[in-house]
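model22.txt (compact mmCIF, N, CA and C atoms and all ligand atoms) appears below.
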```txt
# COMPACT_ATOMS: atom_id res chain seq x y z
N MET A 78 4.95 57.70 139.79
CA MET A 78 4.66 56.49 139.00
C MET A 78 4.35 55.31 139.93
N ASP A 79 3.40 54.54 139.54
CA ASP A 79 3.00 53.38 140.35
C ASP A 79 3.86 52.17 139.95
N TYR A 80 4.98 51.96 140.64
CA TYR A 80 5.91 50.88 140.29
C TYR A 80 5.32 49.48 140.49
N LYS A 81 4.50 49.35 141.53
CA LYS A 81 3.90 48.03 141.78
C LYS A 81 3.08 47.58 140.58
N LYS A 82 2.32 48.50 140.02
CA LYS A 82 1.50 48.19 138.85
C LYS A 82 2.39 47.79 137.67
N PHE A 83 3.51 48.51 137.52
CA PHE A 83 4.46 48.24 136.45
C PHE A 83 5.09 46.85 136.61
N GLU A 84 5.50 46.52 137.86
CA GLU A 84 6.15 45.24 138.13
C GLU A 84 5.23 44.04 137.90
N ARG A 85 3.95 44.21 138.14
CA ARG A 85 3.01 43.10 137.95
C ARG A 85 3.03 42.57 136.51
N HIS A 86 3.37 43.44 135.58
CA HIS A 86 3.37 43.03 134.18
C HIS A 86 4.71 42.47 133.74
N MET A 87 5.68 42.48 134.66
CA MET A 87 7.00 41.95 134.31
C MET A 87 7.03 40.45 134.57
N PRO A 88 7.69 39.71 133.71
CA PRO A 88 7.73 38.24 133.90
C PRO A 88 8.66 37.83 135.03
N TYR A 89 8.43 36.64 135.52
CA TYR A 89 9.25 36.07 136.58
C TYR A 89 10.07 34.91 135.99
N CYS A 90 11.25 34.72 136.53
CA CYS A 90 12.15 33.66 136.08
C CYS A 90 11.47 32.30 136.31
N LEU A 91 11.44 31.47 135.27
CA LEU A 91 10.80 30.16 135.37
C LEU A 91 11.52 29.23 136.35
N GLU A 92 12.81 29.50 136.59
CA GLU A 92 13.58 28.64 137.49
C GLU A 92 13.52 29.11 138.94
N CYS A 93 13.89 30.36 139.20
CA CYS A 93 14.01 30.81 140.59
C CYS A 93 12.83 31.68 141.04
N GLY A 94 12.04 32.14 140.10
CA GLY A 94 10.87 32.95 140.45
C GLY A 94 11.18 34.41 140.67
N ASP A 95 12.45 34.80 140.54
CA ASP A 95 12.80 36.21 140.70
C ASP A 95 12.22 37.03 139.55
N LEU A 96 11.97 38.27 139.86
CA LEU A 96 11.47 39.18 138.86
C LEU A 96 12.55 39.45 137.83
N ILE A 97 12.24 39.39 136.54
CA ILE A 97 13.20 39.72 135.49
C ILE A 97 13.05 41.22 135.24
N ARG A 98 14.05 41.96 135.66
CA ARG A 98 13.93 43.41 135.67
C ARG A 98 14.33 44.07 134.35
N TYR A 99 15.08 43.34 133.51
CA TYR A 99 15.50 43.95 132.24
C TYR A 99 15.60 42.89 131.16
N GLY A 100 15.77 43.32 129.93
CA GLY A 100 15.89 42.39 128.80
C GLY A 100 14.61 42.39 127.98
N ARG A 101 14.56 41.50 127.03
CA ARG A 101 13.38 41.41 126.16
C ARG A 101 12.14 41.06 126.99
N THR A 102 11.01 41.48 126.51
CA THR A 102 9.77 41.25 127.27
C THR A 102 9.39 39.77 127.32
N ASP A 103 9.91 38.98 126.34
CA ASP A 103 9.59 37.54 126.35
C ASP A 103 10.69 36.71 127.02
N LYS A 104 11.61 37.36 127.69
CA LYS A 104 12.70 36.68 128.40
C LYS A 104 12.09 35.83 129.53
N ARG A 105 12.55 34.57 129.65
CA ARG A 105 11.94 33.66 130.64
C ARG A 105 12.83 33.35 131.84
N PHE A 106 14.10 33.75 131.75
CA PHE A 106 15.02 33.44 132.85
C PHE A 106 15.81 34.68 133.24
N CYS A 107 16.17 34.75 134.53
CA CYS A 107 16.90 35.93 135.00
C CYS A 107 18.37 35.88 134.62
N CYS A 108 18.92 34.65 134.41
CA CYS A 108 20.35 34.52 134.06
C CYS A 108 20.58 33.18 133.34
N ASP A 109 21.79 33.03 132.81
CA ASP A 109 22.13 31.80 132.07
C ASP A 109 22.11 30.56 132.97
N ASP A 110 22.54 30.73 134.24
CA ASP A 110 22.53 29.59 135.18
C ASP A 110 21.11 29.06 135.37
N CYS A 111 20.16 29.96 135.57
CA CYS A 111 18.77 29.55 135.75
C CYS A 111 18.25 28.88 134.48
N LYS A 112 18.64 29.42 133.34
CA LYS A 112 18.19 28.86 132.06
C LYS A 112 18.69 27.42 131.90
N SER A 113 19.99 27.17 132.15
CA SER A 113 20.48 25.80 131.97
C SER A 113 19.97 24.86 133.06
N LYS A 114 19.82 25.38 134.28
CA LYS A 114 19.28 24.56 135.37
C LYS A 114 17.86 24.09 135.00
N TYR A 115 17.06 25.02 134.49
CA TYR A 115 15.68 24.71 134.11
C TYR A 115 15.65 23.66 132.99
N HIS A 116 16.45 23.89 131.95
CA HIS A 116 16.44 22.96 130.81
C HIS A 116 17.00 21.58 131.19
N ASN A 117 18.01 21.56 132.07
CA ASN A 117 18.54 20.27 132.54
C ASN A 117 17.47 19.51 133.31
N GLU A 118 16.72 20.22 134.14
CA GLU A 118 15.66 19.60 134.93
C GLU A 118 14.55 19.04 134.02
N GLN A 119 14.20 19.81 132.99
CA GLN A 119 13.18 19.36 132.04
C GLN A 119 13.65 18.10 131.31
N ALA A 120 14.93 18.10 130.90
CA ALA A 120 15.48 16.92 130.21
C ALA A 120 15.49 15.72 131.12
N LYS A 121 15.80 15.95 132.41
CA LYS A 121 15.84 14.87 133.39
C LYS A 121 14.43 14.29 133.58
N LYS A 122 13.44 15.17 133.70
CA LYS A 122 12.04 14.72 133.84
C LYS A 122 11.63 13.87 132.64
N GLY A 123 12.03 14.30 131.44
CA GLY A 123 11.73 13.56 130.21
C GLY A 123 12.37 12.18 130.24
N ARG A 124 13.64 12.13 130.67
CA ARG A 124 14.36 10.84 130.76
C ARG A 124 13.68 9.92 131.77
N LEU A 125 13.31 10.45 132.94
CA LEU A 125 12.68 9.64 133.97
C LEU A 125 11.35 9.08 133.47
N TYR A 126 10.58 9.93 132.78
CA TYR A 126 9.29 9.48 132.25
C TYR A 126 9.49 8.37 131.21
N ARG A 127 10.44 8.56 130.30
CA ARG A 127 10.70 7.54 129.27
C ARG A 127 11.18 6.24 129.92
N ASN A 128 12.03 6.34 130.93
CA ASN A 128 12.50 5.14 131.63
C ASN A 128 11.34 4.39 132.29
N LYS A 129 10.41 5.14 132.86
CA LYS A 129 9.25 4.54 133.52
C LYS A 129 8.38 3.80 132.49
N VAL A 130 8.12 4.43 131.35
CA VAL A 130 7.32 3.80 130.30
C VAL A 130 8.05 2.57 129.75
N ASN A 131 9.36 2.68 129.54
CA ASN A 131 10.13 1.54 129.04
C ASN A 131 10.07 0.37 130.02
N ALA A 132 10.10 0.66 131.33
CA ALA A 132 10.01 -0.40 132.34
C ALA A 132 8.64 -1.09 132.26
N LEU A 133 7.58 -0.32 132.04
CA LEU A 133 6.23 -0.89 131.90
C LEU A 133 6.15 -1.77 130.66
N ILE A 134 6.73 -1.33 129.57
CA ILE A 134 6.72 -2.11 128.33
C ILE A 134 7.50 -3.41 128.53
N ARG A 135 8.67 -3.32 129.20
CA ARG A 135 9.46 -4.53 129.48
C ARG A 135 8.67 -5.53 130.32
N LYS A 136 7.95 -5.02 131.34
CA LYS A 136 7.15 -5.89 132.21
C LYS A 136 6.03 -6.55 131.40
N ASN A 137 5.34 -5.76 130.57
CA ASN A 137 4.29 -6.32 129.72
C ASN A 137 4.86 -7.42 128.82
N TYR A 138 6.03 -7.15 128.25
CA TYR A 138 6.64 -8.13 127.34
C TYR A 138 6.94 -9.43 128.07
N GLU A 139 7.50 -9.31 129.29
CA GLU A 139 7.80 -10.50 130.11
C GLU A 139 6.54 -11.35 130.30
N ILE A 140 5.44 -10.70 130.66
CA ILE A 140 4.17 -11.39 130.94
C ILE A 140 3.61 -12.04 129.67
N LEU A 141 3.61 -11.30 128.58
CA LEU A 141 3.09 -11.83 127.32
C LEU A 141 4.00 -12.95 126.78
N ASP A 142 5.29 -12.77 126.91
CA ASP A 142 6.25 -13.76 126.43
C ASP A 142 6.10 -15.09 127.18
N LEU A 143 5.81 -14.98 128.48
CA LEU A 143 5.59 -16.18 129.29
C LEU A 143 4.36 -16.93 128.78
N LEU A 144 3.30 -16.20 128.45
CA LEU A 144 2.10 -16.83 127.90
C LEU A 144 2.44 -17.58 126.61
N VAL A 145 3.19 -16.92 125.73
CA VAL A 145 3.57 -17.53 124.45
C VAL A 145 4.38 -18.80 124.70
N HIS A 146 5.33 -18.72 125.63
CA HIS A 146 6.17 -19.89 125.94
C HIS A 146 5.36 -21.05 126.51
N GLU A 147 4.32 -20.71 127.27
CA GLU A 147 3.47 -21.74 127.87
C GLU A 147 2.38 -22.21 126.91
N GLY A 148 2.34 -21.63 125.71
CA GLY A 148 1.35 -22.02 124.71
C GLY A 148 -0.06 -21.55 125.06
N ILE A 149 -0.15 -20.50 125.85
CA ILE A 149 -1.46 -19.96 126.25
C ILE A 149 -1.73 -18.72 125.37
N ASP A 150 -2.86 -18.72 124.66
CA ASP A 150 -3.13 -17.57 123.79
C ASP A 150 -4.23 -16.66 124.34
N SER A 151 -4.74 -16.98 125.53
CA SER A 151 -5.80 -16.17 126.12
C SER A 151 -5.66 -16.17 127.64
N ALA A 152 -5.86 -15.02 128.26
CA ALA A 152 -5.75 -14.94 129.72
C ALA A 152 -6.70 -13.89 130.27
N ASP A 153 -7.13 -14.13 131.50
CA ASP A 153 -8.01 -13.19 132.19
C ASP A 153 -7.26 -11.87 132.45
N LEU A 154 -7.87 -10.76 132.09
CA LEU A 154 -7.18 -9.47 132.26
C LEU A 154 -6.89 -9.18 133.73
N GLY A 155 -7.83 -9.58 134.61
CA GLY A 155 -7.62 -9.39 136.04
C GLY A 155 -6.36 -10.07 136.53
N GLU A 156 -6.14 -11.31 136.06
CA GLU A 156 -4.91 -12.03 136.44
C GLU A 156 -3.68 -11.36 135.87
N MET A 157 -3.82 -10.87 134.64
CA MET A 157 -2.69 -10.17 134.01
C MET A 157 -2.33 -8.91 134.81
N LEU A 158 -3.36 -8.19 135.28
CA LEU A 158 -3.12 -6.98 136.08
C LEU A 158 -2.39 -7.35 137.37
N LEU A 159 -2.81 -8.47 137.99
CA LEU A 159 -2.16 -8.91 139.22
C LEU A 159 -0.68 -9.24 138.99
N ARG A 160 -0.38 -9.74 137.79
CA ARG A 160 1.02 -10.06 137.46
C ARG A 160 1.83 -8.79 137.15
N GLY A 161 1.11 -7.65 136.96
CA GLY A 161 1.80 -6.40 136.69
C GLY A 161 1.64 -5.87 135.28
N PHE A 162 0.71 -6.47 134.53
CA PHE A 162 0.46 -6.03 133.16
C PHE A 162 -0.21 -4.65 133.17
N THR A 163 0.24 -3.76 132.30
CA THR A 163 -0.35 -2.42 132.17
C THR A 163 -1.01 -2.33 130.80
N PRO A 164 -2.34 -2.45 130.74
CA PRO A 164 -3.02 -2.50 129.44
C PRO A 164 -2.94 -1.22 128.61
N THR A 165 -2.64 -0.10 129.24
CA THR A 165 -2.60 1.17 128.50
C THR A 165 -1.25 1.41 127.82
N VAL A 166 -0.30 0.52 128.06
CA VAL A 166 1.03 0.71 127.48
C VAL A 166 1.27 -0.35 126.42
N MET A 167 1.62 0.08 125.23
CA MET A 167 1.85 -0.85 124.12
C MET A 167 2.81 -0.20 123.13
N THR A 168 3.34 -1.00 122.24
CA THR A 168 4.24 -0.41 121.24
C THR A 168 3.56 -0.21 119.90
N SER A 169 2.39 -0.85 119.71
CA SER A 169 1.64 -0.60 118.48
C SER A 169 0.16 -0.89 118.71
N CYS A 170 -0.66 -0.35 117.85
CA CYS A 170 -2.10 -0.57 117.92
C CYS A 170 -2.66 -0.29 116.53
N HIS A 171 -3.37 -1.27 115.98
CA HIS A 171 -4.05 -1.00 114.72
C HIS A 171 -5.38 -1.73 114.68
N ARG A 172 -6.26 -1.23 113.86
CA ARG A 172 -7.59 -1.80 113.77
C ARG A 172 -7.57 -2.90 112.72
N SER A 173 -8.20 -4.02 113.08
CA SER A 173 -8.32 -5.12 112.12
C SER A 173 -9.78 -5.56 112.18
N GLY A 174 -10.54 -5.16 111.19
CA GLY A 174 -11.97 -5.45 111.22
C GLY A 174 -12.64 -4.67 112.33
N ARG A 175 -13.37 -5.38 113.21
CA ARG A 175 -14.06 -4.68 114.30
C ARG A 175 -13.19 -4.57 115.56
N HIS A 176 -12.03 -5.18 115.54
CA HIS A 176 -11.20 -5.24 116.74
C HIS A 176 -9.88 -4.49 116.56
N HIS A 177 -9.27 -4.20 117.69
CA HIS A 177 -7.93 -3.63 117.67
C HIS A 177 -6.92 -4.75 117.91
N VAL A 178 -5.82 -4.65 117.24
CA VAL A 178 -4.71 -5.57 117.50
C VAL A 178 -3.61 -4.73 118.13
N TYR A 179 -3.23 -5.14 119.35
CA TYR A 179 -2.20 -4.41 120.07
C TYR A 179 -0.87 -5.12 119.92
N GLY A 180 0.17 -4.39 120.11
CA GLY A 180 1.49 -4.99 119.99
C GLY A 180 2.41 -4.59 121.12
N CYS A 181 3.22 -5.56 121.54
CA CYS A 181 4.32 -5.28 122.46
C CYS A 181 5.53 -5.84 121.72
N TYR A 182 6.16 -5.00 120.96
CA TYR A 182 7.22 -5.40 120.02
C TYR A 182 6.69 -6.49 119.08
N ASP A 183 7.26 -7.70 119.15
CA ASP A 183 6.87 -8.75 118.19
C ASP A 183 5.73 -9.63 118.71
N ILE A 184 5.15 -9.28 119.83
CA ILE A 184 4.00 -10.05 120.34
C ILE A 184 2.73 -9.24 120.09
N LYS A 185 1.78 -9.86 119.40
CA LYS A 185 0.51 -9.19 119.09
C LYS A 185 -0.60 -9.83 119.91
N TYR A 186 -1.61 -9.04 120.25
CA TYR A 186 -2.72 -9.56 121.04
C TYR A 186 -3.95 -8.69 120.86
N ARG A 187 -5.08 -9.26 121.22
CA ARG A 187 -6.32 -8.50 121.26
C ARG A 187 -6.73 -8.40 122.70
N MET A 188 -7.63 -7.47 123.01
CA MET A 188 -7.96 -7.26 124.41
C MET A 188 -9.39 -6.75 124.55
N THR A 189 -10.08 -7.26 125.55
CA THR A 189 -11.38 -6.70 125.94
C THR A 189 -11.20 -6.22 127.38
N GLU A 190 -12.30 -5.77 128.01
CA GLU A 190 -12.19 -5.35 129.41
C GLU A 190 -11.97 -6.55 130.32
N ALA A 191 -12.26 -7.76 129.81
CA ALA A 191 -12.17 -8.96 130.64
C ALA A 191 -10.96 -9.84 130.34
N LYS A 192 -10.48 -9.78 129.11
CA LYS A 192 -9.39 -10.71 128.78
C LYS A 192 -8.44 -10.19 127.70
N VAL A 193 -7.31 -10.84 127.68
CA VAL A 193 -6.32 -10.65 126.62
C VAL A 193 -6.36 -11.95 125.84
N TYR A 194 -6.49 -11.85 124.51
CA TYR A 194 -6.60 -13.09 123.73
C TYR A 194 -5.90 -12.96 122.38
N SER A 195 -5.85 -14.07 121.68
CA SER A 195 -5.11 -14.13 120.40
C SER A 195 -3.67 -13.68 120.57
N VAL A 196 -3.06 -14.08 121.67
CA VAL A 196 -1.67 -13.71 121.94
C VAL A 196 -0.77 -14.55 121.04
N MET A 197 0.03 -13.89 120.25
CA MET A 197 0.95 -14.61 119.35
C MET A 197 2.21 -13.82 119.08
N LYS A 198 3.27 -14.57 118.91
CA LYS A 198 4.55 -13.93 118.61
C LYS A 198 4.78 -13.98 117.11
N LEU A 199 5.16 -12.85 116.54
CA LEU A 199 5.42 -12.82 115.10
C LEU A 199 6.66 -13.66 114.79
N LYS A 200 6.60 -14.36 113.68
CA LYS A 200 7.77 -15.11 113.23
C LYS A 200 8.32 -14.42 111.99
N ASN A 201 9.52 -14.75 111.62
CA ASN A 201 10.16 -14.16 110.44
C ASN A 201 10.15 -12.63 110.48
N LEU A 202 10.73 -12.07 111.49
CA LEU A 202 10.76 -10.60 111.59
C LEU A 202 11.64 -9.96 110.53
ZN ZN B 1 16.36 32.87 137.92
```
Would you write the structure of this file as structure tokens?
Amino acid sequence: MDYKKFERHMPYCLECGDLIRYGRTDKRFCCDDCKSKYHNEQAKKGRLYRNKVNALIRKNYEILDLLVHEGIDSADLGEMLLRGFTPTVMTSCHRSGRHHVYGCYDIKYRMTEAKVYSVMKLKNL
């Protein structure tokens, strides 16, 4: 019997890469330790990613909130980027007529490739 050919069709453990020699054909881990290690790592990656996005949203809010406090409703996008604004991160987006209205929590704004405008904070939440 050609064992090498047989082994090629056997799955490898997603965590350690060892060959899974027995069990169900759809088994993905060689043991329970590898299974929990893998799932813990996936959960950690998810947490880190969410924390990173939350930090970007917080930074955007700081920048937009400063504009609102200064009574400025329009700003150059280039300057916003220099301050650390991330235009691809927002908490809401909806279409209003021909334009999109973006949201960072209670602050709404419109945006083109050149500027952020109509920046306003919602009242009476
Ligand atoms: Zn393993």
Would you kindly return, as a ChimeraX atom specification, each protein, DNA or RNA residue with an atom no farther than 8 Å from any atom of A:Asp153, considering all atoms listed in the file and excluding same-chain residues fewer than 2 positions away?
/A:151,155-159,190-194
What is the atom N of A:Lys198-atom C of A:Lys185 distance in Å, reported with one decimal?
6.2 Å
What residues of the protein or nucleic acid chains come within 7 Å of ligand ZN 1 (chain B) when you use only N, CA and C atoms and all ligand atoms? Reply as an mmCIF file with N, CA and C atoms, keeping the file's coordinate frame.
```
data_model
loop_
_atom_site.group_PDB
_atom_site.id
_atom_site.type_symbol
_atom_site.label_atom_id
_atom_site.label_comp_id
_atom_site.auth_asym_id
_atom_site.auth_seq_id
_atom_site.Cartn_x
_atom_site.Cartn_y
_atom_site.Cartn_z
ATOM 1 N N TYR A 89 8.430 36.640 135.520
ATOM 2 C CA TYR A 89 9.250 36.070 136.580
ATOM 3 C C TYR A 89 10.070 34.910 135.990
ATOM 4 N N CYS A 90 11.250 34.720 136.530
ATOM 5 C CA CYS A 90 12.150 33.660 136.080
ATOM 6 C C CYS A 90 11.470 32.300 136.310
ATOM 7 N N LEU A 91 11.440 31.470 135.270
ATOM 8 C CA LEU A 91 10.800 30.160 135.370
ATOM 9 C C LEU A 91 11.520 29.230 136.350
ATOM 10 N N GLU A 92 12.810 29.500 136.590
ATOM 11 C CA GLU A 92 13.580 28.640 137.490
ATOM 12 C C GLU A 92 13.520 29.110 138.940
ATOM 13 N N CYS A 93 13.890 30.360 139.200
ATOM 14 C CA CYS A 93 14.010 30.810 140.590
ATOM 15 C C CYS A 93 12.830 31.680 141.040
ATOM 16 N N GLY A 94 12.040 32.140 140.100
ATOM 17 C CA GLY A 94 10.870 32.950 140.450
ATOM 18 C C GLY A 94 11.180 34.410 140.670
ATOM 19 N N ASP A 95 12.450 34.800 140.540
ATOM 20 C CA ASP A 95 12.800 36.210 140.700
ATOM 21 C C ASP A 95 12.220 37.030 139.550
ATOM 22 N N PHE A 106 14.100 33.750 131.750
ATOM 23 C CA PHE A 106 15.020 33.440 132.850
ATOM 24 C C PHE A 106 15.810 34.680 133.240
ATOM 25 N N CYS A 107 16.170 34.750 134.530
ATOM 26 C CA CYS A 107 16.900 35.930 135.000
ATOM 27 C C CYS A 107 18.370 35.880 134.620
ATOM 28 N N CYS A 108 18.920 34.650 134.410
ATOM 29 C CA CYS A 108 20.350 34.520 134.060
ATOM 30 C C CYS A 108 20.580 33.180 133.340
ATOM 31 N N ASP A 110 22.540 30.730 134.240
ATOM 32 C CA ASP A 110 22.530 29.590 135.180
ATOM 33 C C ASP A 110 21.110 29.060 135.370
ATOM 34 N N CYS A 111 20.160 29.960 135.570
ATOM 35 C CA CYS A 111 18.770 29.550 135.750
ATOM 36 C C CYS A 111 18.250 28.880 134.480
ATOM 37 N N LYS A 112 18.640 29.420 133.340
ATOM 38 C CA LYS A 112 18.190 28.860 132.060
ATOM 39 C C LYS A 112 18.690 27.420 131.900
#
```
Could you tell me how far atom N of A:His176 lies from atom CA of A:Ile140, in Å and to one decimal?
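For atom N of A:His176 relative to atom CA of A:Ile140, the distance reads 23.2 Å.
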Backbone-only DSSP, strand (DSSP E) members of chain A, as number ranges by chain:
A: 151-153, 169-173, 176-181, 184-188, 192-198
Got a sec: who's within 8 Å of A:Tyr186, counting all atoms listed in the file, leaving out chain neighbours fewer than 4 positions off, as a VMD selection string?
chain A and resid 150 177 to 181 193 to 198
At what distance in Å, to one decimal, does atom CA of A:Lys121 lie from atom C of A:Thr102?
26.4 Å
